[in-house]
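Asks: Enclosed is the structure file entry-v2.pdb (PDB, C-alpha atoms and all ligand atoms).
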```
ATOM      1  CA  PRO H  32     -22.790   4.078  18.071  1.00  0.00           C
ATOM      2  CA  ALA H  33     -23.335   7.205  20.146  1.00  0.00           C
ATOM      3  CA  LYS H  34     -20.558   9.187  18.504  1.00  0.00           C
ATOM      4  CA  PRO H  35     -18.505   9.174  15.267  1.00  0.00           C
ATOM      5  CA  ILE H  36     -16.254   6.187  14.627  1.00  0.00           C
ATOM      6  CA  ASN H  37     -12.624   6.695  13.697  1.00  0.00           C
ATOM      7  CA  ILE H  38     -11.048   4.482  11.030  1.00  0.00           C
ATOM      8  CA  ILE H  39      -7.276   4.591  10.845  1.00  0.00           C
ATOM      9  CA  VAL H  40      -5.783   4.039   7.416  1.00  0.00           C
ATOM     10  CA  PRO H  41      -2.057   3.432   7.883  1.00  0.00           C
ATOM     11  CA  ALA H  42      -1.279   4.877   4.451  1.00  0.00           C
ATOM     12  CA  ALA H  43      -1.557   8.222   2.703  1.00  0.00           C
ATOM     13  CA  ALA H  44      -4.797   9.462   1.155  1.00  0.00           C
ATOM     14  CA  GLY H  45      -5.434   8.525  -2.458  1.00  0.00           C
ATOM     15  CA  GLY H  46      -3.963   5.014  -2.243  1.00  0.00           C
ATOM     16  CA  PRO H  47      -5.756   1.641  -2.377  1.00  0.00           C
ATOM     17  CA  THR H  48      -6.280   1.255   1.374  1.00  0.00           C
ATOM     18  CA  ASP H  49      -7.659   4.775   1.553  1.00  0.00           C
ATOM     19  CA  THR H  50      -9.940   4.269  -1.454  1.00  0.00           C
ATOM     20  CA  LEU H  51     -11.310   1.016  -0.092  1.00  0.00           C
ATOM     21  CA  THR H  52     -11.825   2.514   3.359  1.00  0.00           C
ATOM     22  CA  ARG H  53     -13.791   5.428   1.917  1.00  0.00           C
ATOM     23  CA  VAL H  54     -16.159   3.036   0.136  1.00  0.00           C
ATOM     24  CA  LEU H  55     -16.551   0.950   3.282  1.00  0.00           C
ATOM     25  CA  ALA H  56     -16.975   3.996   5.533  1.00  0.00           C
ATOM     26  CA  ALA H  57     -19.763   5.384   3.357  1.00  0.00           C
ATOM     27  CA  ALA H  58     -21.677   2.101   3.579  1.00  0.00           C
ATOM     28  CA  MET H  59     -21.043   1.791   7.319  1.00  0.00           C
ATOM     29  CA  SER H  60     -22.120   5.348   7.923  1.00  0.00           C
ATOM     30  CA  GLU H  61     -25.414   4.693   6.163  1.00  0.00           C
ATOM     31  CA  ALA H  62     -26.013   1.404   7.996  1.00  0.00           C
ATOM     32  CA  LEU H  63     -25.017   2.720  11.425  1.00  0.00           C
ATOM     33  CA  LYS H  64     -26.529   6.201  11.004  1.00  0.00           C
ATOM     34  CA  GLN H  65     -23.314   7.618  12.339  1.00  0.00           C
ATOM     35  CA  GLN H  66     -20.414   9.593  10.957  1.00  0.00           C
ATOM     36  CA  MET H  67     -17.168   7.758  10.135  1.00  0.00           C
ATOM     37  CA  ILE H  68     -13.939   9.716  10.354  1.00  0.00           C
ATOM     38  CA  ILE H  69     -11.008   8.506   8.273  1.00  0.00           C
ATOM     39  CA  GLU H  70      -7.583   9.261   9.617  1.00  0.00           C
ATOM     40  CA  ASN H  71      -4.620   8.748   7.269  1.00  0.00           C
ATOM     41  CA  VAL H  72      -1.510   7.905   9.270  1.00  0.00           C
ATOM     42  CA  GLY H  73       1.047   6.768   6.700  1.00  0.00           C
ATOM     43  CA  GLY H  74       4.748   6.018   7.066  1.00  0.00           C
ATOM     44  CA  ALA H  75       7.083   3.169   8.013  1.00  0.00           C
ATOM     45  CA  GLY H  76       5.163   0.623   5.975  1.00  0.00           C
ATOM     46  CA  GLY H  77       1.960   1.300   7.894  1.00  0.00           C
ATOM     47  CA  THR H  78       3.432   0.551  11.323  1.00  0.00           C
ATOM     48  CA  ILE H  79       2.947   4.116  12.608  1.00  0.00           C
ATOM     49  CA  GLY H  80      -0.791   3.994  11.936  1.00  0.00           C
ATOM     50  CA  ILE H  81      -1.086   0.442  13.228  1.00  0.00           C
ATOM     51  CA  ASN H  82       0.565   1.592  16.449  1.00  0.00           C
ATOM     52  CA  ARG H  83      -1.885   4.476  16.724  1.00  0.00           C
ATOM     53  CA  ALA H  84      -4.736   1.962  16.554  1.00  0.00           C
ATOM     54  CA  ALA H  85      -3.044  -0.328  19.081  1.00  0.00           C
ATOM     55  CA  LYS H  86      -2.802   2.516  21.600  1.00  0.00           C
ATOM     56  CA  ALA H  87      -6.380   3.783  21.089  1.00  0.00           C
ATOM     57  CA  LYS H  88      -9.013   3.217  23.759  1.00  0.00           C
ATOM     58  CA  PRO H  89     -10.496  -0.263  23.108  1.00  0.00           C
ATOM     59  CA  ASP H  90     -14.084   0.967  23.056  1.00  0.00           C
ATOM     60  CA  GLY H  91     -14.987   0.117  19.479  1.00  0.00           C
ATOM     61  CA  TYR H  92     -14.739   3.718  18.311  1.00  0.00           C
ATOM     62  CA  THR H  93     -11.347   3.225  16.668  1.00  0.00           C
ATOM     63  CA  LEU H  94     -11.006   0.805  13.776  1.00  0.00           C
ATOM     64  CA  LEU H  95      -8.031  -0.023  11.582  1.00  0.00           C
ATOM     65  CA  LEU H  96      -8.114  -1.208   8.002  1.00  0.00           C
ATOM     66  CA  TYR H  97      -4.953  -2.747   6.664  1.00  0.00           C
ATOM     67  CA  HIS H  98      -3.544  -5.627   4.673  1.00  0.00           C
ATOM     68  CA  VAL H  99      -0.833  -8.280   4.494  1.00  0.00           C
ATOM     69  CA  GLY H 100       1.673  -5.774   5.892  1.00  0.00           C
ATOM     70  CA  MET H 101       0.068  -6.340   9.268  1.00  0.00           C
ATOM     71  CA  ALA H 102       1.224  -9.951   9.145  1.00  0.00           C
ATOM     72  CA  THR H 103       4.674  -9.398   7.717  1.00  0.00           C
ATOM     73  CA  SER H 104       5.907  -6.364   9.663  1.00  0.00           C
ATOM     74  CA  PRO H 105       6.705  -8.365  12.837  1.00  0.00           C
ATOM     75  CA  ALA H 106       9.257 -10.301  10.781  1.00  0.00           C
ATOM     76  CA  LEU H 107      10.685  -7.227   9.047  1.00  0.00           C
ATOM     77  CA  TYR H 108      10.986  -4.733  11.902  1.00  0.00           C
ATOM     78  CA  ARG H 109      13.421  -5.365  14.711  1.00  0.00           C
ATOM     79  CA  LYS H 110      11.188  -3.653  17.203  1.00  0.00           C
ATOM     80  CA  LEU H 111       7.518  -2.801  16.885  1.00  0.00           C
ATOM     81  CA  GLN H 112       5.703  -0.807  19.534  1.00  0.00           C
ATOM     82  CA  TYR H 113       2.723  -3.134  19.444  1.00  0.00           C
ATOM     83  CA  ASP H 114       2.014  -6.829  19.549  1.00  0.00           C
ATOM     84  CA  THR H 115       0.277  -7.741  16.308  1.00  0.00           C
ATOM     85  CA  LEU H 116      -1.404 -10.862  17.643  1.00  0.00           C
ATOM     86  CA  ASN H 117      -2.485  -9.588  21.037  1.00  0.00           C
ATOM     87  CA  ASP H 118      -3.184  -5.864  20.701  1.00  0.00           C
ATOM     88  CA  PHE H 119      -6.080  -6.158  18.231  1.00  0.00           C
ATOM     89  CA  ASP H 120      -9.439  -7.783  17.834  1.00  0.00           C
ATOM     90  CA  TYR H 121      -9.811  -9.055  14.298  1.00  0.00           C
ATOM     91  CA  ILE H 122     -13.157  -8.142  12.741  1.00  0.00           C
ATOM     92  CA  GLY H 123     -12.981  -9.467   9.218  1.00  0.00           C
ATOM     93  CA  GLN H 124     -11.603  -9.393   5.721  1.00  0.00           C
ATOM     94  CA  VAL H 125     -13.258  -6.852   3.444  1.00  0.00           C
ATOM     95  CA  ALA H 126     -11.385  -7.306   0.173  1.00  0.00           C
ATOM     96  CA  ASP H 127      -9.103  -9.619  -1.741  1.00  0.00           C
ATOM     97  CA  VAL H 128      -7.219  -7.542  -4.275  1.00  0.00           C
ATOM     98  CA  PRO H 129      -4.621  -8.613  -6.845  1.00  0.00           C
ATOM     99  CA  MET H 130      -1.502  -6.581  -7.494  1.00  0.00           C
ATOM    100  CA  MET H 131      -0.028  -5.394 -10.776  1.00  0.00           C
ATOM    101  CA  MET H 132       3.413  -4.402 -11.973  1.00  0.00           C
ATOM    102  CA  ILE H 133       3.244  -1.024 -13.676  1.00  0.00           C
ATOM    103  CA  ALA H 134       5.784   1.435 -15.035  1.00  0.00           C
ATOM    104  CA  LYS H 135       5.845   5.058 -16.064  1.00  0.00           C
ATOM    105  CA  LYS H 136       4.483   6.101 -19.405  1.00  0.00           C
ATOM    106  CA  GLY H 137       7.092   5.981 -22.140  1.00  0.00           C
ATOM    107  CA  THR H 138       8.892   2.956 -20.690  1.00  0.00           C
ATOM    108  CA  PRO H 139      10.328   1.288 -23.809  1.00  0.00           C
ATOM    109  CA  ALA H 140       8.927  -2.214 -23.208  1.00  0.00           C
ATOM    110  CA  ASN H 141       5.650  -3.573 -24.543  1.00  0.00           C
ATOM    111  CA  ASN H 142       5.251  -6.805 -22.610  1.00  0.00           C
ATOM    112  CA  PHE H 143       6.564  -8.460 -19.488  1.00  0.00           C
ATOM    113  CA  ALA H 144       9.507 -10.187 -21.200  1.00  0.00           C
ATOM    114  CA  GLU H 145      10.631  -6.910 -22.743  1.00  0.00           C
ATOM    115  CA  PHE H 146      10.179  -5.134 -19.428  1.00  0.00           C
ATOM    116  CA  LEU H 147      12.312  -7.735 -17.689  1.00  0.00           C
ATOM    117  CA  ALA H 148      15.117  -7.350 -20.213  1.00  0.00           C
ATOM    118  CA  TYR H 149      14.853  -3.556 -20.005  1.00  0.00           C
ATOM    119  CA  ALA H 150      14.834  -3.613 -16.195  1.00  0.00           C
ATOM    120  CA  LYS H 151      17.872  -5.871 -15.980  1.00  0.00           C
ATOM    121  CA  THR H 152      19.871  -3.788 -18.461  1.00  0.00           C
ATOM    122  CA  ASN H 153      18.974  -0.563 -16.641  1.00  0.00           C
ATOM    123  CA  LYS H 154      19.018  -1.868 -13.072  1.00  0.00           C
ATOM    124  CA  ASP H 155      21.363   0.858 -11.833  1.00  0.00           C
ATOM    125  CA  LYS H 156      19.103   3.607 -13.129  1.00  0.00           C
ATOM    126  CA  LEU H 157      15.610   2.359 -12.338  1.00  0.00           C
ATOM    127  CA  THR H 158      13.769   3.285  -9.170  1.00  0.00           C
ATOM    128  CA  TYR H 159      10.987   1.252  -7.582  1.00  0.00           C
ATOM    129  CA  ALA H 160       8.299   3.160  -5.666  1.00  0.00           C
ATOM    130  CA  ASN H 161       6.590   1.575  -2.646  1.00  0.00           C
ATOM    131  CA  ALA H 162       4.745   2.341   0.569  1.00  0.00           C
ATOM    132  CA  GLY H 163       7.673   1.525   2.858  1.00  0.00           C
ATOM    133  CA  LEU H 164       9.233  -1.535   4.461  1.00  0.00           C
ATOM    134  CA  GLY H 165       6.627  -4.224   4.998  1.00  0.00           C
ATOM    135  CA  SER H 166       3.861  -2.730   2.865  1.00  0.00           C
ATOM    136  CA  ALA H 167       2.332  -4.914   0.149  1.00  0.00           C
ATOM    137  CA  SER H 168       3.933  -2.802  -2.579  1.00  0.00           C
ATOM    138  CA  TYR H 169       7.300  -3.265  -0.886  1.00  0.00           C
ATOM    139  CA  LEU H 170       6.830  -7.033  -0.549  1.00  0.00           C
ATOM    140  CA  CYS H 171       5.790  -7.319  -4.179  1.00  0.00           C
ATOM    141  CA  GLY H 172       8.954  -5.448  -5.224  1.00  0.00           C
ATOM    142  CA  ILE H 173      11.178  -7.631  -3.065  1.00  0.00           C
ATOM    143  CA  LEU H 174       9.539 -10.771  -4.446  1.00  0.00           C
ATOM    144  CA  PHE H 175      10.092  -9.502  -7.988  1.00  0.00           C
ATOM    145  CA  MET H 176      13.728  -8.616  -7.285  1.00  0.00           C
ATOM    146  CA  SER H 177      14.400 -11.991  -5.785  1.00  0.00           C
ATOM    147  CA  ALA H 178      12.673 -13.779  -8.686  1.00  0.00           C
ATOM    148  CA  VAL H 179      14.724 -11.930 -11.294  1.00  0.00           C
ATOM    149  CA  ASP H 180      17.860 -11.896  -9.131  1.00  0.00           C
ATOM    150  CA  THR H 181      18.350  -8.151  -9.609  1.00  0.00           C
ATOM    151  CA  SER H 182      18.072  -5.274  -7.171  1.00  0.00           C
ATOM    152  CA  PHE H 183      16.696  -1.833  -7.830  1.00  0.00           C
ATOM    153  CA  THR H 184      16.713   1.376  -5.819  1.00  0.00           C
ATOM    154  CA  MET H 185      13.644   1.401  -3.569  1.00  0.00           C
ATOM    155  CA  VAL H 186      11.903   4.728  -3.027  1.00  0.00           C
ATOM    156  CA  PRO H 187       9.574   4.647   0.013  1.00  0.00           C
ATOM    157  CA  TYR H 188       6.434   6.794   0.279  1.00  0.00           C
ATOM    158  CA  LYS H 189       3.775   7.124   2.948  1.00  0.00           C
ATOM    159  CA  GLY H 190       1.472   5.145   0.710  1.00  0.00           C
ATOM    160  CA  THR H 191       1.107   4.296  -2.948  1.00  0.00           C
ATOM    161  CA  GLY H 192      -1.294   7.234  -3.496  1.00  0.00           C
ATOM    162  CA  PRO H 193       1.625   9.704  -3.508  1.00  0.00           C
ATOM    163  CA  ALA H 194       3.859   7.064  -5.136  1.00  0.00           C
ATOM    164  CA  MET H 195       1.387   6.841  -8.034  1.00  0.00           C
ATOM    165  CA  ASN H 196       1.467  10.625  -8.450  1.00  0.00           C
ATOM    166  CA  ASP H 197       5.242  10.497  -8.816  1.00  0.00           C
ATOM    167  CA  LEU H 198       5.054   7.528 -11.194  1.00  0.00           C
ATOM    168  CA  ILE H 199       2.628   9.450 -13.390  1.00  0.00           C
ATOM    169  CA  GLY H 200       4.909  12.488 -13.112  1.00  0.00           C
ATOM    170  CA  GLY H 201       7.865  10.335 -14.152  1.00  0.00           C
ATOM    171  CA  GLN H 202       9.908  10.916 -10.980  1.00  0.00           C
ATOM    172  CA  VAL H 203      10.091   7.144 -10.317  1.00  0.00           C
ATOM    173  CA  ASP H 204      10.165   4.274 -12.816  1.00  0.00           C
ATOM    174  CA  PHE H 205       8.011   1.391 -11.687  1.00  0.00           C
ATOM    175  CA  MET H 206       5.829   0.050  -8.930  1.00  0.00           C
ATOM    176  CA  CYS H 207       3.605  -2.861  -7.960  1.00  0.00           C
ATOM    177  CA  ASP H 208       0.268  -1.954  -6.430  1.00  0.00           C
ATOM    178  CA  GLN H 209      -3.278  -3.132  -5.889  1.00  0.00           C
ATOM    179  CA  THR H 210      -5.677  -2.965  -8.831  1.00  0.00           C
ATOM    180  CA  THR H 211      -7.739  -0.454  -6.811  1.00  0.00           C
ATOM    181  CA  ASN H 212      -5.052   2.080  -7.666  1.00  0.00           C
ATOM    182  CA  THR H 213      -3.576   0.744 -10.900  1.00  0.00           C
ATOM    183  CA  VAL H 214      -6.592  -0.044 -13.104  1.00  0.00           C
ATOM    184  CA  PRO H 215      -7.938   3.542 -13.407  1.00  0.00           C
ATOM    185  CA  GLN H 216      -4.454   4.822 -14.337  1.00  0.00           C
ATOM    186  CA  ILE H 217      -3.875   2.015 -16.849  1.00  0.00           C
ATOM    187  CA  LYS H 218      -7.248   2.696 -18.475  1.00  0.00           C
ATOM    188  CA  SER H 219      -6.450   6.397 -18.684  1.00  0.00           C
ATOM    189  CA  GLY H 220      -3.108   5.613 -20.307  1.00  0.00           C
ATOM    190  CA  ASN H 221      -1.147   7.293 -17.502  1.00  0.00           C
ATOM    191  CA  VAL H 222       1.031   4.247 -16.796  1.00  0.00           C
ATOM    192  CA  LYS H 223       2.023   1.020 -18.557  1.00  0.00           C
ATOM    193  CA  ALA H 224       0.990  -2.387 -17.193  1.00  0.00           C
ATOM    194  CA  TYR H 225       3.227  -5.458 -17.340  1.00  0.00           C
ATOM    195  CA  GLY H 226       1.724  -8.199 -15.218  1.00  0.00           C
TER     196      GLY H 226
HETATM  197  N1  LIG M 301      -0.997   0.074  -1.572  1.00  0.00           N
HETATM  198  C1  LIG M 301      -0.069   0.329  -0.498  1.00  0.00           C
HETATM  199  C2  LIG M 301       0.716  -0.899  -0.232  1.00  0.00           C
HETATM  200  O1  LIG M 301       0.170  -1.925  -0.097  1.00  0.00           O
HETATM  201  C3  LIG M 301      -0.703   0.870   0.711  1.00  0.00           C
HETATM  202  C4  LIG M 301      -1.596   2.021   0.368  1.00  0.00           C
HETATM  203  O2  LIG M 301      -1.092   3.106   0.092  1.00  0.00           O
HETATM  204  O3  LIG M 301      -2.796   1.816   0.367  1.00  0.00           O
HETATM  205  O4  LIG M 301       1.881  -0.869  -0.215  1.00  0.00           O
END
```
Could you render the structure from this file as structure tokens?
Ligand code: ASP
Replies:
Amino acid sequence: PAKPINIIVPAAAGGPTDTLTRVLAAAMSEALKQQMIIENVGGAGGTIGINRAAKAKPDGYTLLLYHVGMATSPALYRKLQYDTLNDFDYIGQVADVPMMMIAKKGTPANNFAEFLAYAKTNKDKLTYANAGLGSASYLCGILFMSAVDTSFTMVPYKGTGPAMNDLIGGQVDFMCDQTTNTVPQIKSGNVKAYG
């Protein structure tokens, strides 16, 4: 490359996609002997950043790193400003990351069964943080709600980086996110893990 390469992360800084991209960008920068610029464009479940990538000049100097939300947003948004299948060239998968259900510190449940009972009893009070309609954290929450036949108030963020900050701060009650983001906080005792 003759100039720096832009990587669009369609989520806020500090979240799993951002963390992974920073690791990847450092390795790419070393291999390509070129600077990589990470641009965080969060919001609307990643679709704003994805659209930014779709509209960029197709010269190889703009990359996008995203996840399952790329595949599900066409079914969840009435109108997207890009065509997921035709506006991108797919380069490759860089990670396969599991997701975990976590809750704020002090949640009075010590295993998944207890959490389920607690969540059902307190369904009108509990808030579920996520990265917006169509993001993986959103999908995980919806899957959980449908499995336990209970709905919770969804609180959307521009990414689960800021959502994690609020979970640690106790402003929201629970969340499902990639291990990239959850494991360090579980190990530090900042959140409780359920599954
Ligand atoms: N972890 C978020 C999600 O999948 C996206 C991010 O902030 O990296 O919902």
Asks: Which protein, DNA or RNA residues have an atom within 10 Å of ligand LIG 301 (chain M), counting all atoms listed in the file, as a PyMOL selection string?
Replies: chain H and resi 40-52+71+73-74+76-77+96-100+130+160-172+187-195+206-213
Asks: With all atoms listed in the file as the basis for distance, which of H:Glu145, H:Asp118, H:Asp155, H:Asp90 is at the shortest distance from H:Ser182?
Replies: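 Of H:Glu145, H:Asp118, H:Asp155, H:Asp90, the one nearest H:Ser182 is H:Asp155, counting all atoms listed in the file.
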Asks: For H:Ala134, which of H:Ile81, H:Ala58, H:Glu70, H:Ala150 is the closest residue, counting all atoms listed in the file?
Replies: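 When distances to H:Ala134 are compared using all atoms listed in the file, the smallest one comes from H:Ala150.
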Asks: Once 3 Å is added on each side, what are the centre and the three edge lengths, in Å to one decimal, of the axis-aligned box enclosing the listed atoms of stretch 82-88 of chain H? Present them as AutoDock Vina command-line options.
Replies:
```
--center_x -4.2 --center_y 2.1 --center_z 20.1 --size_x 15.6 --size_y 10.8 --size_z 13.3
```
Asks: I need the residue set behind the PyMOL selection byres (((chain H and resi 56) around 12) and not hetatm) for this file; please write it as number ranges by chain.
Replies: H: 35-40, 48-55, 57-70, 94-96, 125
Asks: Let me make sure I understand: among H:Gly137, H:Ser104, H:Tyr121, H:Ala126, which one has the smallest atom-to-atom distance to H:Gly220 if we use all atoms listed in the file?
Replies: H:Gly137
Asks: Once the PyMOL selection byres (((chain H and resi 156) around 9) and not hetatm) has been evaluated on this model, what residues remain selected, and can you format them as a PyMOL selection string?
Replies: chain H and resi 150+153-155+157-158+183-184+204
Asks: How many Å separate atom CA of H:Pro89 from atom CA of H:Gln124?
Replies: 19.7 Å
Asks: Could you tell me how far atom CA of H:Ala224 sits from atom CA of H:Met132, in Å to one decimal place?
Replies: 6.1 Å
Asks: Quick one: everything within 10 Å of H:Gly200, counting all atoms listed in the file, minus sequence neighbours fewer than 2 positions away in the same chain. Send it as a list in words.
Replies: Lys135, Lys136, Ala194, Met195, Asn196, Asp197, Leu198, Gln202, Val203, Asp204, Asn221 and Val222 of chain H
Asks: Which value, in Å to one decimal, gives the distance between atom CA of H:Gln112 and atom CA of H:Asn82?
Replies: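 Computed distance, atom CA of H:Gln112 to atom CA of H:Asn82, equals 6.5 Å.
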Asks: Under the rule that all atoms listed in the file are counted, which of H:Gly226, H:Pro32, H:Pro105, H:Gly80 is the nearest residue to H:Asn142?
Replies: H:Gly226
